[in-house]
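File shown here: input-v4.pdb, holding PDB, C-alpha atoms.
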ATOM      1  CA  VAL T   1      -2.457 -12.805   5.327
ATOM      2  CA  GLY T   2       0.050 -10.006   5.857
ATOM      3  CA  LYS T   3       2.988 -12.402   5.807
ATOM      4  CA  VAL T   4       1.803 -14.077   2.592
ATOM      5  CA  THR T   5       1.204 -10.701   0.959
ATOM      6  CA  GLY T   6       4.674  -9.620   2.040
ATOM      7  CA  LEU T   7       6.267 -12.753   0.590
ATOM      8  CA  ILE T   8       4.500 -12.286  -2.741
ATOM      9  CA  LEU T   9       5.758  -8.709  -2.980
ATOM     10  CA  GLN T  10       9.278  -9.589  -1.800
ATOM     11  CA  ARG T  11       9.495 -12.156  -4.586
ATOM     12  CA  GLN T  12       8.750  -9.302  -6.970
ATOM     13  CA  GLY T  13      11.736  -7.371  -5.611
ATOM     14  CA  TYR T  14       9.912  -5.019  -3.269
ATOM     15  CA  SER T  15      11.178  -4.218   0.212
ATOM     16  CA  VAL T  16       8.285  -5.041   2.541
ATOM     17  CA  GLU T  17       7.524  -4.344   6.178
ATOM     18  CA  VAL T  18       4.534  -6.199   7.658
ATOM     19  CA  GLU T  19       2.826  -5.068  10.847
ATOM     20  CA  ASN T  20      -0.299  -6.795  12.183
ATOM     21  CA  SER T  21      -1.232  -4.076  14.668
ATOM     22  CA  PRO T  22      -2.710  -1.006  12.960
ATOM     23  CA  VAL T  23      -1.831   1.191  15.935
ATOM     24  CA  ARG T  24       1.788   0.006  15.799
ATOM     25  CA  ALA T  25       1.818   0.448  12.008
ATOM     26  CA  VAL T  26       0.861   4.117  12.414
ATOM     27  CA  GLU T  27       3.572   4.578  15.071
ATOM     28  CA  ILE T  28       6.214   3.036  12.801
ATOM     29  CA  PHE T  29       5.093   5.089   9.821
ATOM     30  CA  LEU T  30       5.051   8.366  11.742
ATOM     31  CA  SER T  31       8.544   7.673  13.114
ATOM     32  CA  ARG T  32       9.955   7.443   9.552
ATOM     33  CA  PRO T  33       7.335   8.486   7.000
ATOM     34  CA  ASP T  34       9.786   8.903   4.113
ATOM     35  CA  ASP T  35      10.762   5.222   4.274
ATOM     36  CA  PHE T  36       7.495   4.080   2.703
ATOM     37  CA  GLU T  37       6.410   4.323  -0.938
ATOM     38  CA  LEU T  38       3.053   2.558  -0.592
ATOM     39  CA  VAL T  39       0.830   1.156   2.164
ATOM     40  CA  ILE T  40      -1.611  -1.738   1.973
ATOM     41  CA  THR T  41      -4.167  -1.998   4.740
ATOM     42  CA  ASP T  42      -7.191  -4.117   5.521
ATOM     43  CA  LEU T  43     -10.547  -2.494   6.179
ATOM     44  CA  ASN T  44     -11.479  -4.402   9.335
ATOM     45  CA  MET T  45      -8.797  -4.557  11.998
ATOM     46  CA  PRO T  46      -8.864  -4.499  15.794
ATOM     47  CA  GLY T  47      -8.309  -1.098  17.345
ATOM     48  CA  LEU T  48      -8.252   0.981  14.155
ATOM     49  CA  SER T  49     -10.032   0.532  10.846
ATOM     50  CA  GLY T  50      -8.200   0.673   7.549
ATOM     51  CA  THR T  51      -9.833   3.983   6.701
ATOM     52  CA  GLU T  52      -8.832   5.452  10.072
ATOM     53  CA  LEU T  53      -5.272   4.226   9.556
ATOM     54  CA  ALA T  54      -5.263   5.691   6.042
ATOM     55  CA  ALA T  55      -6.516   9.051   7.304
ATOM     56  CA  GLN T  56      -3.628   9.320   9.787
ATOM     57  CA  LEU T  57      -1.019   8.419   7.183
ATOM     58  CA  HIS T  58      -2.625  10.683   4.582
ATOM     59  CA  ALA T  59      -2.478  13.626   7.013
ATOM     60  CA  CYS T  60       1.285  13.145   7.223
ATOM     61  CA  ARG T  61       1.972  12.252   3.553
ATOM     62  CA  PRO T  62      -0.922  13.326   1.292
ATOM     63  CA  ASN T  63       0.610  11.810  -1.869
ATOM     64  CA  LEU T  64       1.345   8.398  -0.374
ATOM     65  CA  PRO T  65      -0.435   5.627  -2.315
ATOM     66  CA  ILE T  66      -2.667   3.663   0.055
ATOM     67  CA  LEU T  67      -4.415   0.473  -1.029
ATOM     68  CA  LEU T  68      -7.316  -1.025   0.902
ATOM     69  CA  SER T  69      -8.111  -4.718   1.000
ATOM     70  CA  SER T  70     -11.683  -5.546   1.889
ATOM     71  CA  GLY T  71     -14.238  -8.280   1.643
ATOM     72  CA  PHE T  72     -17.056  -5.798   2.241
ATOM     73  CA  SER T  73     -17.127  -2.172   1.160
ATOM     74  CA  ALA T  74     -20.802  -1.301   0.605
ATOM     75  CA  ASN T  75     -20.575   1.780   2.841
ATOM     76  CA  LEU T  76     -17.431   3.124   1.218
ATOM     77  CA  THR T  77     -17.834   5.704  -1.503
ATOM     78  CA  PRO T  78     -15.090   6.741  -3.923
ATOM     79  CA  GLU T  79     -15.202  10.224  -2.384
ATOM     80  CA  SER T  80     -14.797   8.972   1.183
ATOM     81  CA  LEU T  81     -11.906   6.730   0.133
ATOM     82  CA  ARG T  82     -10.113   9.513  -1.751
ATOM     83  CA  SER T  83     -10.536  11.881   1.192
ATOM     84  CA  VAL T  84      -8.353   9.605   3.341
ATOM     85  CA  GLY T  85      -5.831   8.866   0.582
ATOM     86  CA  ILE T  86      -7.029   5.446  -0.526
ATOM     87  CA  ARG T  87      -6.327   5.053  -4.235
ATOM     88  CA  GLU T  88      -7.772   1.607  -4.848
ATOM     89  CA  VAL T  89      -9.767  -1.114  -3.127
ATOM     90  CA  MET T  90      -8.732  -4.706  -3.672
ATOM     91  CA  SER T  91     -11.670  -7.052  -3.143
ATOM     92  CA  LYS T  92     -10.941 -10.174  -1.131
ATOM     93  CA  PRO T  93      -9.791 -12.703  -1.889
ATOM     94  CA  VAL T  94      -6.965 -10.936  -3.724
ATOM     95  CA  SER T  95      -5.035 -13.086  -6.161
ATOM     96  CA  SER T  96      -1.251 -12.737  -6.282
ATOM     97  CA  LEU T  97      -1.570 -11.439  -9.861
ATOM     98  CA  ASP T  98      -4.103  -8.760  -8.857
ATOM     99  CA  LEU T  99      -1.924  -7.792  -5.904
ATOM    100  CA  ARG T 100       1.190  -7.420  -8.050
ATOM    101  CA  GLU T 101      -0.642  -5.462 -10.763
ATOM    102  CA  THR T 102      -2.327  -3.121  -8.275
ATOM    103  CA  VAL T 103       0.925  -2.390  -6.448
ATOM    104  CA  HIS T 104       2.785  -1.871  -9.723
ATOM    105  CA  ARG T 105       0.092   0.505 -11.009
ATOM    106  CA  ASN T 106       0.257   2.642  -7.854
ATOM    107  CA  LEU T 107       4.016   2.941  -7.415
ATOM    108  CA  PRO T 108       6.251   5.329  -9.319
ATOM    109  CA  PRO T 109       8.189   3.523 -12.063
ATOM    110  CA  ARG T 110      11.383   1.785 -11.024
ATOM    111  CA  PRO T 111      14.517   3.170 -12.721
ATOM    112  CA  SER T 112      14.672   0.173 -15.077
ATOM    113  CA  GLU T 113      11.072   0.808 -16.158
ATOM    114  CA  SER T 114      11.294   4.559 -16.669
ATOM    115  CA  ASP T 115      14.804   4.811 -18.111
ATOM    116  CA  PRO T 116      15.829   2.172 -20.654
ATOM    117  CA  ASP T 117      19.362   3.568 -20.706
ATOM    118  CA  HIS T 118      19.935   3.250 -16.954
ATOM    119  CA  CYS T 119      22.585   0.554 -17.426
ATOM    120  CA  ARG T 120      24.612   2.659 -19.848
ATOM    121  CA  ARG T 121      25.593   5.310 -17.340
TER     122      ARG T 121
END
Please express the file's structure as structure tokens.
Amino acid sequence: VGKVTGLILQRQGYSVEVENSPVRAVEIFLSRPDDFELVITDLNMPGLSGTELAAQLHACRPNLPILLSSGFSANLTPESLRSVGIREVMSKPVSSLDLRETVHRNLPPRPSESDPDHCRR
């Protein structure tokens, strides 16, 4: 799922790094936290849940947009999600259109989107 998600986003022009181990993902992030503009995580993963992963990243970069993908989120409240930095939950299965729109909505505008005169400089 991570590879497919990565391919969808790469086709949209995003630079993507996919890591299947949540523990390794935290290690990579903490080694270079400024290299990431957004994180997508799953709720249920071996070794570390998506909310636990989000909490560790949020402690390092409180303004980092974190998106959670989940097929089941009955125990998650908006307050508990916000407290660990999760901005939105994408319900599984996530369509490629929903993925692209959710990522776009949570990233700062690209120069071409925020500055129509960027090519004139």
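Of the listed residues T:Cys60, T:Ala55, T:Val103, T:Val84, the one whose atoms come nearest to Thr5 in chain T is T:Val103, with distances taken using only C-alpha atoms.
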Using the chain letters and numbers from this file, what does the PyMOL selection byres ((chain T and resi 88) around 12) select? Give the answer as a VMD selection string. chain T and resid 38 to 42 51 54 65 to 70 73 76 to 82 84 to 87 89 to 91 98 to 99 101 to 103 105 to 106
At a cut-off of 9 Å, using all atoms listed in the file, what residues contact Glu37 in chain T? Leave out same-chain residues fewer than 6 positions from it and give the result as JSON, numbers by chain. {"T": [64, 65, 107, 108]}
As a short mmCIF file (atom, residue, chain, number, x, y, z; two decimals), in the coordinates of the input, please: range 36-64 of chain T completed to N, CA and C atoms.
data_model
loop_
_atom_site.label_atom_id
_atom_site.label_comp_id
_atom_site.auth_asym_id
_atom_site.auth_seq_id
_atom_site.Cartn_x
_atom_site.Cartn_y
_atom_site.Cartn_z
N PHE T 36 8.55 4.88 3.31
CA PHE T 36 7.50 4.08 2.70
C PHE T 36 7.03 4.70 1.39
N GLU T 37 6.88 3.86 0.37
CA GLU T 37 6.41 4.32 -0.94
C GLU T 37 4.95 3.97 -1.18
N LEU T 38 4.42 3.02 -0.42
CA LEU T 38 3.05 2.56 -0.59
C LEU T 38 2.64 1.82 0.67
N VAL T 39 1.36 1.87 1.00
CA VAL T 39 0.83 1.16 2.16
C VAL T 39 -0.38 0.35 1.71
N ILE T 40 -0.44 -0.88 2.18
CA ILE T 40 -1.61 -1.74 1.97
C ILE T 40 -2.21 -2.00 3.35
N THR T 41 -3.50 -1.77 3.47
CA THR T 41 -4.17 -2.00 4.74
C THR T 41 -5.47 -2.76 4.52
N ASP T 42 -5.90 -3.43 5.55
CA ASP T 42 -7.19 -4.12 5.52
C ASP T 42 -8.24 -3.14 6.05
N LEU T 43 -9.48 -3.36 5.69
CA LEU T 43 -10.55 -2.49 6.18
C LEU T 43 -10.86 -2.77 7.64
N ASN T 44 -11.07 -4.03 7.98
CA ASN T 44 -11.48 -4.40 9.34
C ASN T 44 -10.31 -4.95 10.13
N MET T 45 -9.90 -4.16 11.12
CA MET T 45 -8.80 -4.56 12.00
C MET T 45 -9.15 -4.17 13.43
N PRO T 46 -8.59 -4.86 14.40
CA PRO T 46 -8.86 -4.50 15.79
C PRO T 46 -8.16 -3.20 16.19
N GLY T 47 -8.90 -2.31 16.81
CA GLY T 47 -8.31 -1.10 17.34
C GLY T 47 -8.34 0.10 16.41
N LEU T 48 -8.31 -0.13 15.11
CA LEU T 48 -8.25 0.98 14.16
C LEU T 48 -8.66 0.43 12.80
N SER T 49 -9.62 1.03 12.16
CA SER T 49 -10.03 0.53 10.85
C SER T 49 -9.02 0.95 9.78
N GLY T 50 -9.09 0.32 8.64
CA GLY T 50 -8.20 0.67 7.55
C GLY T 50 -8.38 2.10 7.08
N THR T 51 -9.61 2.59 7.11
CA THR T 51 -9.83 3.98 6.70
C THR T 51 -9.31 4.96 7.76
N GLU T 52 -9.40 4.60 9.02
CA GLU T 52 -8.83 5.45 10.07
C GLU T 52 -7.31 5.47 9.97
N LEU T 53 -6.72 4.30 9.75
CA LEU T 53 -5.27 4.23 9.56
C LEU T 53 -4.86 5.07 8.36
N ALA T 54 -5.58 4.92 7.25
CA ALA T 54 -5.26 5.69 6.04
C ALA T 54 -5.34 7.19 6.30
N ALA T 55 -6.35 7.62 7.02
CA ALA T 55 -6.52 9.05 7.30
C ALA T 55 -5.31 9.61 8.07
N GLN T 56 -4.79 8.85 9.02
CA GLN T 56 -3.63 9.32 9.79
C GLN T 56 -2.38 9.40 8.91
N LEU T 57 -2.19 8.40 8.06
CA LEU T 57 -1.02 8.42 7.18
C LEU T 57 -1.15 9.51 6.14
N HIS T 58 -2.35 9.67 5.61
CA HIS T 58 -2.62 10.68 4.58
C HIS T 58 -2.39 12.09 5.13
N ALA T 59 -2.71 12.31 6.40
CA ALA T 59 -2.48 13.63 7.01
C ALA T 59 -0.99 13.97 7.04
N CYS T 60 -0.17 12.95 7.18
CA CYS T 60 1.28 13.14 7.22
C CYS T 60 1.89 13.22 5.82
N ARG T 61 1.44 12.34 4.93
CA ARG T 61 1.97 12.25 3.55
C ARG T 61 0.81 12.17 2.57
N PRO T 62 0.26 13.31 2.15
CA PRO T 62 -0.92 13.33 1.29
C PRO T 62 -0.77 12.61 -0.05
N ASN T 63 0.42 12.46 -0.57
CA ASN T 63 0.61 11.81 -1.87
C ASN T 63 0.98 10.33 -1.77
N LEU T 64 1.01 9.80 -0.57
CA LEU T 64 1.34 8.40 -0.37
C LEU T 64 0.25 7.51 -0.94
#
